[in-house]
file run-v1.cif (mmCIF, C-alpha atoms)
data_start
loop_
_atom_site.group_PDB
_atom_site.id
_atom_site.type_symbol
_atom_site.label_atom_id
_atom_site.label_comp_id
_atom_site.auth_asym_id
_atom_site.auth_seq_id
_atom_site.Cartn_x
_atom_site.Cartn_y
_atom_site.Cartn_z
ATOM 1 C CA MET A 1 44.391 -27.193 -42.757
ATOM 2 C CA THR A 2 40.828 -26.277 -41.731
ATOM 3 C CA MET A 3 39.759 -29.930 -41.812
ATOM 4 C CA TYR A 4 42.680 -30.834 -39.538
ATOM 5 C CA LEU A 5 41.684 -28.165 -37.034
ATOM 6 C CA ALA A 6 38.065 -29.330 -37.029
ATOM 7 C CA HIS A 7 39.282 -32.843 -36.264
ATOM 8 C CA ALA A 8 41.453 -31.560 -33.404
ATOM 9 C CA LYS A 9 38.529 -29.553 -32.034
ATOM 10 C CA HIS A 10 36.450 -32.717 -31.743
ATOM 11 C CA TYR A 11 39.120 -34.490 -29.679
ATOM 12 C CA TYR A 12 39.715 -31.398 -27.589
ATOM 13 C CA ARG A 13 36.026 -31.191 -26.647
ATOM 14 C CA ARG A 14 35.784 -34.895 -25.922
ATOM 15 C CA ARG A 15 38.866 -34.846 -23.679
ATOM 16 C CA ARG A 16 37.635 -31.705 -21.937
ATOM 17 C CA GLU A 17 34.354 -33.443 -21.074
ATOM 18 C CA GLU A 18 36.260 -36.476 -19.747
ATOM 19 C CA ILE A 19 38.352 -34.236 -17.500
ATOM 20 C CA LEU A 20 35.248 -32.388 -16.315
ATOM 21 C CA ARG A 21 33.514 -35.639 -15.387
ATOM 22 C CA GLU A 22 36.591 -36.777 -13.460
ATOM 23 C CA GLN A 23 36.943 -33.508 -11.566
ATOM 24 C CA LEU A 24 33.258 -32.903 -10.916
ATOM 25 C CA GLN A 25 33.055 -36.011 -8.790
ATOM 26 C CA TYR A 26 34.926 -33.924 -6.189
ATOM 27 C CA ALA A 27 32.625 -30.916 -6.595
ATOM 28 C CA ASN A 28 29.591 -32.396 -4.914
ATOM 29 C CA GLY A 29 28.887 -30.530 -1.683
ATOM 30 C CA ARG A 30 31.931 -28.291 -2.075
ATOM 31 C CA ARG A 31 32.576 -24.592 -2.722
ATOM 32 C CA ILE A 32 33.363 -23.905 -6.397
ATOM 33 C CA LEU A 33 34.755 -20.782 -8.068
ATOM 34 C CA GLU A 34 34.293 -20.394 -11.787
ATOM 35 C CA ILE A 35 36.373 -17.763 -13.502
ATOM 36 C CA GLY A 36 33.799 -16.958 -16.130
ATOM 37 C CA SER A 37 30.051 -16.861 -15.925
ATOM 38 C CA GLN A 38 28.635 -19.522 -18.225
ATOM 39 C CA CYS A 39 31.059 -22.441 -18.215
ATOM 40 C CA TRP A 40 29.100 -24.181 -15.461
ATOM 41 C CA LEU A 41 26.120 -24.677 -17.794
ATOM 42 C CA PRO A 42 27.569 -27.741 -19.592
ATOM 43 C CA TRP A 43 28.276 -29.301 -16.182
ATOM 44 C CA MET A 44 24.549 -29.705 -15.773
ATOM 45 C CA LYS A 45 24.447 -31.848 -18.915
ATOM 46 C CA ILE A 46 27.291 -34.185 -17.997
ATOM 47 C CA SER A 47 26.996 -34.401 -14.228
ATOM 48 C CA ILE A 48 24.488 -34.458 -11.413
ATOM 49 C CA PHE A 49 26.765 -32.688 -8.970
ATOM 50 C CA GLN A 50 25.330 -30.274 -6.460
ATOM 51 C CA PRO A 51 27.928 -27.875 -5.068
ATOM 52 C CA ASP A 52 27.522 -26.313 -1.656
ATOM 53 C CA ALA A 53 28.212 -22.948 -3.327
ATOM 54 C CA LEU A 54 29.039 -21.854 -6.857
ATOM 55 C CA GLU A 55 30.620 -18.424 -7.275
ATOM 56 C CA CYS A 56 31.008 -17.113 -10.832
ATOM 57 C CA ILE A 57 33.148 -14.097 -11.617
ATOM 58 C CA ASN A 58 33.710 -12.242 -14.837
ATOM 59 C CA ILE A 59 35.469 -9.012 -15.783
ATOM 60 C CA SER A 60 32.853 -8.325 -18.470
ATOM 61 C CA GLU A 61 29.459 -6.977 -17.391
ATOM 62 C CA LYS A 62 27.955 -8.227 -20.650
ATOM 63 C CA GLU A 63 29.216 -11.798 -20.125
ATOM 64 C CA LEU A 64 28.209 -11.722 -16.484
ATOM 65 C CA GLU A 65 24.681 -10.735 -17.506
ATOM 66 C CA LYS A 66 24.542 -13.722 -19.891
ATOM 67 C CA GLY A 67 25.426 -16.010 -16.988
ATOM 68 C CA ILE A 68 22.810 -14.426 -14.745
ATOM 69 C CA ASN A 69 20.147 -14.854 -17.426
ATOM 70 C CA SER A 70 21.154 -18.494 -17.968
ATOM 71 C CA ALA A 71 20.851 -19.249 -14.258
ATOM 72 C CA THR A 72 17.157 -18.448 -14.089
ATOM 73 C CA THR A 73 16.232 -21.992 -15.182
ATOM 74 C CA SER A 74 19.086 -23.900 -13.539
ATOM 75 C CA ARG A 75 18.869 -26.325 -10.639
ATOM 76 C CA VAL A 76 22.099 -24.766 -9.322
ATOM 77 C CA THR A 77 21.928 -21.148 -8.185
ATOM 78 C CA PRO A 78 25.310 -19.495 -8.697
ATOM 79 C CA HIS A 79 26.292 -16.191 -7.160
ATOM 80 C CA PHE A 80 27.675 -13.771 -9.764
ATOM 81 C CA SER A 81 30.236 -11.022 -9.178
ATOM 82 C CA LEU A 82 31.901 -8.518 -11.444
ATOM 83 C CA MET A 83 35.562 -9.177 -10.675
ATOM 84 C CA ASP A 84 38.988 -9.415 -12.280
ATOM 85 C CA ALA A 85 40.566 -12.858 -11.816
ATOM 86 C CA ASN A 86 43.916 -11.115 -11.365
ATOM 87 C CA ASP A 87 42.554 -9.340 -8.287
ATOM 88 C CA LEU A 88 40.307 -11.837 -6.477
ATOM 89 C CA GLN A 89 38.352 -10.409 -3.563
ATOM 90 C CA PHE A 90 38.013 -13.683 -1.631
ATOM 91 C CA GLU A 91 39.788 -14.885 1.471
ATOM 92 C CA ASP A 92 42.500 -17.500 0.958
ATOM 93 C CA ASN A 93 41.206 -21.090 0.932
ATOM 94 C CA SER A 94 37.632 -19.969 0.218
ATOM 95 C CA PHE A 95 37.091 -22.621 -2.461
ATOM 96 C CA ASP A 96 37.639 -26.334 -2.855
ATOM 97 C CA LEU A 97 37.792 -26.214 -6.650
ATOM 98 C CA VAL A 98 38.536 -23.414 -9.115
ATOM 99 C CA PHE A 99 37.395 -23.812 -12.698
ATOM 100 C CA LEU A 100 38.401 -21.837 -15.767
ATOM 101 C CA ALA A 101 37.344 -22.932 -19.234
ATOM 102 C CA MET A 102 39.164 -21.685 -22.249
ATOM 103 C CA ARG A 103 37.497 -21.798 -25.603
ATOM 104 C CA PHE A 104 39.186 -23.468 -28.545
ATOM 105 C CA SER A 105 38.869 -21.289 -31.601
ATOM 106 C CA PRO A 106 41.139 -22.047 -34.526
ATOM 107 C CA SER A 107 42.172 -18.984 -36.471
#
call {"tool": "encode", "arguments": {"input": "run-v1.cif", "output": "structure tokens"}}
result
Amino acid sequence: MTMYLAHAKHYYRRRREEILREQLQYANGRRILEIGSQCWLPWMKISIFQPDALECINISEKELEKGINSATTSRVTPHFSLMDANDLQFEDNSFDLVFLAMRFSPS
């Protein structure tokens, strides 16, 4: 069973990267909202996009701090906010693309 899940994880990651590449072509010069605070990091490895603005939110102060620390060496400068995705504090139509990455973790 564990070997099967490891195999599925590989295909999940590969497909996720394909989808990211497809969608990131529309991110260049646009306003992006990431629900999370570190998922944008892999974008830098698979794309050369440059958003007009990248807003990252997270409900966890600890996770938000990890994102802030990661951004110190990035070519993209996100803005980070402590915020619950169920209660967004943005005006309607503030973003062109909203991104949420879920982690695959077999039990």
call {"tool": "closest_residue", "arguments": {"input": "run-v1.cif", "among": "A:Ala8, A:Leu41, A:Ala27, A:Ala53", "to": "Ser94 of chain A", "atoms": "all atoms listed in the file"}}
result
A:Ala53
call {"tool": "residues_around", "arguments": {"input": "run-v1.cif", "residues": "Ile68 of chain A", "least_positions_apart": "6", "cutoff": "9 Å", "atoms": "all atoms listed in the file", "output": "number ranges by chain"}}
result
A: 37-38, 78-80
call {"tool": "residues_around", "arguments": {"input": "run-v1.cif", "residues": "segment 30-35 of chain A", "least_positions_apart": "3", "cutoff": "9 Å", "atoms": "only C-alpha atoms", "output": "count of residues only"}}
result
24
call {"tool": "atom_distance", "arguments": {"input": "run-v1.cif", "atom1": "atom CA of Thr73 of chain A", "atom2": "atom CA of Phe49 of chain A"}}
result
16.2 Å
call {"tool": "atom_distance", "arguments": {"input": "run-v1.cif", "atom1": "atom CA of Glu17 of chain A", "atom2": "atom CA of Ser60 of chain A"}}
result
25.3 Å
call {"tool": "atom_distance", "arguments": {"input": "run-v1.cif", "atom1": "atom CA of Val76 of chain A", "atom2": "atom CA of Leu24 of chain A"}}
result
13.9 Å
call {"tool": "closest_residue", "arguments": {"input": "run-v1.cif", "among": "A:Ser74, A:Asn93, A:Trp43, A:Glu61", "to": "Leu20 of chain A", "atoms": "all atoms listed in the file"}}
result
A:Trp43
call {"tool": "axis_aligned_box", "arguments": {"input": "run-v1.cif", "around": "segment 73-89 of chain A", "padding_each_side": "5 Å", "output": "lines of an AutoDock Vina configuration file"}}
result
center_x = 30.1
center_y = -17.4
center_z = -9.4
size_x = 37.7
size_y = 27.8
size_z = 21.6
call {"tool": "closest_residue", "arguments": {"input": "run-v1.cif", "among": "A:His7, A:Gly36, A:Asn69, A:Ile48", "to": "Leu82 of chain A", "atoms": "all atoms listed in the file"}}
result
A:Gly36
